[in-house]
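Just below is one structure, and these are the notes that go with it.
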Amino acid sequence: MKTTFLNILFTFFFLPYNQLFGQVNNDECFTAVVIDDLENFCSDIFSNAGASTSSNISPDCWGEQDEESDVWFSFVPRKPGLLLRFFGSGDNTIETLDNVALGIYEGRCSALTLISCERRAEGVNDIFEKLYTDLIIGRVHYIRVSSRNSDAGTFQICLSDFIPVPDPKQDCSDAVILCGKNSFVVERIEGVGLQADEAEGSCLDGITPNSLPNQPVDPSETGSVWYKWTAKNNGTLTFTLFPNNEDPEEDLDFAIYRLPLGLEDCSNKELLMCMASGSNGIGSPVSDAPCKGPTGLMEGDGDVVEFAGCQPGDNNFLAPLDMVEGESYALIVNNFSESGFGFTIEFGGTGEFRGPETDFTFKATDDFKCDQTILFEDNSSSQTDPIVNYQWRFGEGAQPEFATGSGPHEVIYESFGPKIAVLTVESSRGCRVTEVEDLNIDPCCDEMSPLELDLQVTDVTCFESNDGIITANVLNGSPEYLYAFDGGVFQPNEIFQGIAAGGYTVDVVDIKGCESSQSVVVNQPVEIMLFLRVPQDTIALGLGGQLFSDFSPLDRRLIYTWTPPDGLLCSDCPNPEVIPPGTTTYTLTVEDQDGCIQSEQITVFTTDFKPFIAPNIISLNPSNPDNGIFKVSSNEAVDMVESIWIFDRWGNELYKEQNFHPGGDIYVGWDGISSPTNQKVNPGVYIWMAKVRFIDGDVRTFAGDVTVVD
């Protein structure tokens with residue numbers, strides 16, 4: 001077998017989960033739904049309904065029952081920062097998942113490392129966000145979602161990867177300095193810093209076109225963060241602030257200042273642009289909608305200010321900022337809603353920020369193969385202030401995985417395949433800039449590879465069932481291993497379940513690219529064969545017969561179940577006697593000592609003849625007692641005589657009896673006594689009528705006459 005080495009490692013991670021070995025749900029780690037694009041990803045509506053408890057140990061913060069309905073997702077980060085937003089049950093949401101339990105892992109399914117755990121308390125909205133700034137680039141990560149007490153429901157996951165910037169600051173004097181236009185995420189906006197009203201005099205201060213002199217206004221900051229930068233060139237700047245909670249009512253405001261004397265000159269800042277649109281207090285959510293949600297600077301817009309409220313023509317965006325090379329600027333972002341949620345910012349425009357230029361190269365001392373030295377050299381530069389900090393991440397399987405200092409750094413990859421390397425540099429004034437590069441490492445397996453594969457087979461339990469199992473055991477080689485089942489994709493699961501009888505091949509590759517393959521046969525037992533017969537082709541209704549069964553192979557020990565049980569003398573024996581209630585199809589189901597089940601059917605046909613007999617003469621003479629009772633008769637075809645009447649020739653009812661069987665002990669018949677008078681009737685001809693229900697459910701009416709003599 002020839003493996004395509006460049007794709008083998010990541011093929012699994014980008015395969016839709018329902019293509020993985022017949023799995024149709026993601027309730028195990030190795031069948032996780034793959035999220036392959038982390039740039040502003042928001043999922044469809046997912047559900048954990050019907051999910052079973054996975055085999056992995058639950059996270060430490062979960063309760064005993066939180067794992068009962070867990071589902072899995074996986075992703076491979078290309079950037080160290082990730083914002084995860086989770087939307088379950090809460091106010092103004094369509095999602096229904098309650099009491100959420102969530103875990104974030106890294107590694108492989110058989111050896112996961114928990115890096116984050118969340119368990120929402122009873123009665124708390126299941127809407128939250130988690131920010132991660134130190135993910136291992138290129139390593140597979142997993143998201144595990146469940147709910148307490150199997151409270152299944154729907155939910156949505158949103159992911160945004162980014163290059164982290166320093167933690168946000170809330171005063172202009174110590175604002176984070178931006179040196180590049182990479183998007184980034186602020187998890188929370190809470191508090192206003194030491195100087196709580198630095199936006200005084202701006203539109204954030206509650207000033208509107210109709211404000212009166214000396215009118216009291218609200219404080220300018222309710223929850224704020226500050227950023228500063230210096231323009232690298234003459235050009236425009238656009239950006240969009242996206243509220244993390246995606247609440248259409250969220251109200252983010254901002255203002256942009258020029259810092260005349262440079263980045264440290266917050267005391268002389270000059271207001272350039274200001275955005276305070278929001279609710280005007282009298283409008284509806286529909287009328288206020290244009291003034292809430294995403295905000296920023298946008299090409300094609302002409303405003304430089306939108307005051308508080310929602311004025312006609314406001315759209316929550318301002319014109320691009322025209323930056324001048326060498327000028328410094330400051331941005332304050334304020335969460336007027338005071339929700340505590342942060343934002344994601346994405347930049348655009350022709351202008352750039354001044355800062356270090358990150359650059360690095362890599363070359364092999366021999367070959368670009370695993371277990372060979374790769375040399376990483378820094379070529380970064382800074383025209384403003386010196387670079388004082390270097391942070392390297394060399395990706396999955398690298399030794400070392402991290403490094404500091406300019407280098408050069410010698411790195412050996414213990415595994416082959418695509419790799420992602422990252423360099424972040426920081427200048428003396430706090431500028432951080434990051435570069436991400438891809439490289440590919442070839443296999444380093446020689447022809448004398450000791451890798452061997454041993455397959456353990458659990459045969460199919462029953463004929464044509466699909467509960468066979470193949471377990472792959474690797475001898476020697478270099479963990480970790482990827483397995484391909486019968487020509488499928490490589491994935492990290494060594495157990496293949498749900499297999500029908502047949503011949504199969506399993507391939508394995510280790511982290512060095514060494515391969516092995518083995519073929520096995522999954523066997524199945526002989527099929528249970530059932531043979532049913534009834535001696536007569538047709539049985540008269542109400543008469544009996546017997547059903548007979550035979551089977552093979554004869555070494556089976558069977559449990560018998562006949563259905564329906566109607567008319568059967570026994571329903572758990574091999575050869576039951578039967579009085580069928582009309583034409584009936586019987587099913588015999590047998591289960592052997594291994595739990596294998598087989599069924600067969602046979603139809604017993606009955607005639608439509610329904611006998612019902614009544615005497616045509618009775619005698620009132622005591623000397624003839626054998627003929628002194630009018631009594632109807634039939635065979636087992638009759639289920640019940642619902643009613644029988646006897647009338648005189650004028651239609652007067654003389655006798656009535658209900659709900660009896662002709663052969664039953666309670667039925668005594670008519671002895672010629674008139675019920676109304678309790679006297680013997682006169683000799684003559686009398687009319688009888690009977691309503692009869694047969695065992696096949698058919699109800700018929702019979703009538704005739706009987707002559708009464710002395």
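Ligands are numbered from 1 in the order shown, residues from 1 within each chain, and chains are lettered A, B, ... in the order they appear in the structure tokens.
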
Q. Can you list every residue in range 240-488 of chain A that DSSP puts in helix (DSSP H, G or I), as a PyMOL selection string?
A. chain A and resi 285-291

Residue neighbourhood range 178-181 of chain A, 10 Å, only C-alpha atoms, exclusion window fewer than 5 positions, as a PDB file with N, CA and C atoms, in the first residue's frame:
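New file part_6.pdb:
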```pdb
ATOM      1  N   VAL A 165      -3.777  39.895  21.658  1.00  0.00           N
ATOM      2  CA  VAL A 165      -3.082  41.117  22.045  1.00  0.00           C
ATOM      3  C   VAL A 165      -3.065  41.137  23.570  1.00  0.00           C
ATOM      4  N   PRO A 166      -2.268  42.016  24.166  1.00  0.00           N
ATOM      5  CA  PRO A 166      -2.255  42.068  25.635  1.00  0.00           C
ATOM      6  C   PRO A 166      -3.648  42.318  26.205  1.00  0.00           C
ATOM      7  N   TYR A 227      -7.344  51.551  23.324  1.00  0.00           N
ATOM      8  CA  TYR A 227      -6.274  51.081  22.440  1.00  0.00           C
ATOM      9  C   TYR A 227      -5.646  52.295  21.762  1.00  0.00           C
ATOM     10  N   LYS A 228      -4.340  52.187  21.455  1.00  0.00           N
ATOM     11  CA  LYS A 228      -3.616  53.286  20.795  1.00  0.00           C
ATOM     12  C   LYS A 228      -2.741  52.705  19.686  1.00  0.00           C
ATOM     13  N   TRP A 229      -2.437  53.556  18.690  1.00  0.00           N
ATOM     14  CA  TRP A 229      -1.551  53.146  17.602  1.00  0.00           C
ATOM     15  C   TRP A 229      -0.984  54.375  16.907  1.00  0.00           C
ATOM     16  N   THR A 230       0.058  54.138  16.109  1.00  0.00           N
ATOM     17  CA  THR A 230       0.656  55.180  15.276  1.00  0.00           C
ATOM     18  C   THR A 230       0.546  54.748  13.822  1.00  0.00           C
ATOM     19  N   ALA A 231       0.124  55.692  12.956  1.00  0.00           N
ATOM     20  CA  ALA A 231      -0.077  55.371  11.542  1.00  0.00           C
ATOM     21  C   ALA A 231       1.265  55.150  10.858  1.00  0.00           C
ATOM     22  N   LYS A 232       1.367  54.061  10.115  1.00  0.00           N
ATOM     23  CA  LYS A 232       2.575  53.757   9.366  1.00  0.00           C
ATOM     24  C   LYS A 232       2.614  54.533   8.054  1.00  0.00           C
ATOM     25  N   LEU A 237      -8.732  54.006   7.615  1.00  0.00           N
ATOM     26  CA  LEU A 237      -8.921  52.937   8.595  1.00  0.00           C
ATOM     27  C   LEU A 237     -10.412  52.664   8.735  1.00  0.00           C
ATOM     28  N   PHE A 239     -13.094  49.635  10.630  1.00  0.00           N
ATOM     29  CA  PHE A 239     -13.163  48.493  11.533  1.00  0.00           C
ATOM     30  C   PHE A 239     -14.621  48.218  11.862  1.00  0.00           C
ATOM     31  N   ALA A 330      -6.090  57.171  19.387  1.00  0.00           N
ATOM     32  CA  ALA A 330      -6.597  56.367  20.497  1.00  0.00           C
ATOM     33  C   ALA A 330      -8.053  56.012  20.224  1.00  0.00           C
ATOM     34  N   ILE A 345     -13.069  42.619  17.105  1.00  0.00           N
ATOM     35  CA  ILE A 345     -12.812  43.734  16.203  1.00  0.00           C
ATOM     36  C   ILE A 345     -12.063  43.232  14.978  1.00  0.00           C
ATOM     37  N   GLU A 346     -12.532  43.668  13.820  1.00  0.00           N
ATOM     38  CA  GLU A 346     -11.887  43.351  12.546  1.00  0.00           C
ATOM     39  C   GLU A 346     -11.570  44.660  11.829  1.00  0.00           C
ATOM     40  N   PHE A 347     -10.323  44.780  11.328  1.00  0.00           N
ATOM     41  CA  PHE A 347      -9.845  46.020  10.726  1.00  0.00           C
ATOM     42  C   PHE A 347      -9.849  45.932   9.202  1.00  0.00           C
ATOM     43  N   GLY A 348      -9.915  47.105   8.568  1.00  0.00           N
ATOM     44  CA  GLY A 348      -9.800  47.216   7.120  1.00  0.00           C
ATOM     45  C   GLY A 348      -9.246  48.581   6.757  1.00  0.00           C
ATOM     46  N   GLY A 349      -9.261  48.914   5.468  1.00  0.00           N
ATOM     47  CA  GLY A 349      -8.749  50.195   5.000  1.00  0.00           C
ATOM     48  C   GLY A 349      -7.340  50.083   4.466  1.00  0.00           C
ATOM     49  N   GLY A 351      -4.746  52.147   5.354  1.00  0.00           N
ATOM     50  CA  GLY A 351      -3.722  52.547   6.309  1.00  0.00           C
ATOM     51  C   GLY A 351      -3.253  51.372   7.146  1.00  0.00           C
ATOM     52  N   GLU A 352      -1.992  51.455   7.592  1.00  0.00           N
ATOM     53  CA  GLU A 352      -1.420  50.414   8.433  1.00  0.00           C
ATOM     54  C   GLU A 352      -0.921  51.026   9.736  1.00  0.00           C
ATOM     55  N   PHE A 353      -0.683  50.160  10.721  1.00  0.00           N
ATOM     56  CA  PHE A 353      -0.169  50.591  12.012  1.00  0.00           C
ATOM     57  C   PHE A 353       1.350  50.399  12.045  1.00  0.00           C
ATOM     58  N   ARG A 354       2.021  51.350  12.677  1.00  0.00           N
ATOM     59  CA  ARG A 354       3.474  51.267  12.776  1.00  0.00           C
ATOM     60  C   ARG A 354       3.847  50.285  13.876  1.00  0.00           C
ATOM     61  N   GLY A 355       4.827  49.445  13.574  1.00  0.00           N
ATOM     62  CA  GLY A 355       5.276  48.471  14.562  1.00  0.00           C
ATOM     63  C   GLY A 355       6.338  47.580  13.974  1.00  0.00           C
ATOM     64  N   PRO A 356       6.764  46.593  14.714  1.00  0.00           N
ATOM     65  CA  PRO A 356       7.784  45.678  14.208  1.00  0.00           C
ATOM     66  C   PRO A 356       7.279  44.925  12.985  1.00  0.00           C
ATOM     67  N   GLU A 357       8.216  44.506  12.139  1.00  0.00           N
ATOM     68  CA  GLU A 357       7.918  43.664  10.989  1.00  0.00           C
ATOM     69  C   GLU A 357       8.376  42.243  11.328  1.00  0.00           C
ATOM     70  N   GLU A 426       7.585  41.241  20.366  1.00  0.00           N
ATOM     71  CA  GLU A 426       7.065  42.376  21.138  1.00  0.00           C
ATOM     72  C   GLU A 426       8.156  43.429  21.254  1.00  0.00           C
ATOM     73  N   SER A 427       7.775  44.678  20.978  1.00  0.00           N
ATOM     74  CA  SER A 427       8.735  45.774  21.054  1.00  0.00           C
ATOM     75  C   SER A 427       8.738  46.376  22.456  1.00  0.00           C
ATOM     76  N   GLY A 430       5.544  47.768  23.866  1.00  0.00           N
ATOM     77  CA  GLY A 430       4.404  46.867  24.032  1.00  0.00           C
ATOM     78  C   GLY A 430       3.748  46.413  22.754  1.00  0.00           C
ATOM     79  N   CYS A 431       4.321  46.747  21.591  1.00  0.00           N
ATOM     80  CA  CYS A 431       3.740  46.289  20.321  1.00  0.00           C
ATOM     81  C   CYS A 431       3.986  44.791  20.152  1.00  0.00           C
ATOM     82  N   ARG A 432       2.931  44.061  19.817  1.00  0.00           N
ATOM     83  CA  ARG A 432       3.042  42.638  19.520  1.00  0.00           C
ATOM     84  C   ARG A 432       2.578  42.377  18.098  1.00  0.00           C
ATOM     85  N   VAL A 433       3.403  41.642  17.344  1.00  0.00           N
ATOM     86  CA  VAL A 433       3.080  41.292  15.964  1.00  0.00           C
ATOM     87  C   VAL A 433       3.380  39.806  15.790  1.00  0.00           C
ATOM     88  N   THR A 434       2.521  39.132  15.036  1.00  0.00           N
ATOM     89  CA  THR A 434       2.623  37.674  14.889  1.00  0.00           C
ATOM     90  C   THR A 434       2.630  37.283  13.420  1.00  0.00           C
TER      91      THR A 434
END
```

Q: Would you list, as a PyMOL selection string, the residues of range 457-693 of chain A that end up in strand (DSSP E) under DSSP run on this structure's backbone?
A: chain A and resi 457-458+468-475+482-485+490-491+495-499+502-509+515-522+529-533+538-539+545-546+548-552+559-563+577-578+584-591+597-606+617-619+638-647+653-660+684-693

Q: Would you list the contacts of Ile646 in chain A as JSON, numbers by chain, taking every protein, DNA or RNA residue within 9 Å and counting only C-alpha atoms, but skipping same-chain residues closer than 3 positions in sequence?
A: {"A": [651, 652, 653, 654, 655, 656, 670, 686, 687, 688, 689, 690, 705]}

Q: Grab the CA of Ala289 in chain A to CA of Asn182 in chain A distance for me, in Å with one decimal place.
A: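 So the two atoms, CA of Ala289 in chain A and CA of Asn182 in chain A, lie 28.4 Å apart.
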
Q: Using CA of Val526 in chain A and CA of Pro565 in chain A as the two end points, give the distance in Å to one decimal.
A: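 According to the coordinates, CA of Val526 in chain A and CA of Pro565 in chain A are separated by 29.0 Å.
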
Q: Return the single residue from A:Arg393, A:Thr563, A:Glu642, A:Ser517 that is closest to Val699 in chain A, with distances computed using only C-alpha atoms.
A: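 For Val699 in chain A, the nearest of the candidates is A:Glu642.
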
Selection: 9 Å around range 588-604 of chain A, only C-alpha atoms, excl. self and same-chain fewer than 5 positions, as a tab-separated table (two decimals) with C-alpha atoms, in the first residue's frame:
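Result went into around_8.tsv, see below:
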```
chain	number	residue	atom	x	y	z
A	461	THR	CA	-22.87	-13.13	17.24
A	462	CYS	CA	-25.73	-14.09	14.93
A	463	PHE	CA	-26.16	-14.81	11.26
A	527	GLU	CA	-28.29	-19.41	10.22
A	528	ILE	CA	-31.11	-20.87	12.31
A	529	MET	CA	-33.57	-22.44	9.87
A	530	LEU	CA	-37.20	-22.91	10.92
A	531	PHE	CA	-39.71	-25.20	9.22
A	532	LEU	CA	-43.41	-24.91	10.15
A	533	ARG	CA	-46.32	-27.11	9.10
A	534	VAL	CA	-49.95	-27.87	9.89
A	536	GLN	CA	-54.56	-29.97	7.28
A	537	ASP	CA	-54.64	-27.33	4.60
A	538	THR	CA	-57.95	-26.04	5.96
A	539	ILE	CA	-59.63	-26.47	9.37
A	547	LEU	CA	-48.83	-26.72	14.60
A	549	SER	CA	-41.97	-26.85	14.07
A	556	ARG	CA	-29.34	-24.93	19.15
A	557	ARG	CA	-31.27	-24.61	22.44
A	558	LEU	CA	-34.33	-22.60	21.62
A	559	ILE	CA	-36.87	-20.49	23.47
A	560	TYR	CA	-40.20	-20.49	21.62
A	561	THR	CA	-42.70	-17.65	21.29
A	562	TRP	CA	-45.84	-17.98	19.15
A	563	THR	CA	-47.83	-14.86	18.28
A	571	SER	CA	-47.54	-20.12	23.13
A	574	PRO	CA	-42.62	-26.12	19.86
A	580	PRO	CA	-57.84	-20.85	15.27
A	582	GLY	CA	-60.74	-17.84	11.82
A	583	THR	CA	-57.98	-17.79	9.24
```

Q: Considering only C-alpha atoms, return as a list in words whatever protein or nucleic-acid residues lie within 7 Å of range 475-486 of chain A, sequence-local ones (same chain, fewer than 6 positions apart) excluded.
A: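 That gives Pro450, Leu451, Glu452, Leu453, Pro492, Asn493, Glu494, Tyr504, Thr505, Val506, Asp507, Val508, Val509, Asp510, Ile511 and Lys512 of chain A.
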
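Going from CA of Leu252 in chain A over to CA of Val286 in chain A, you cover 17.5 Å.
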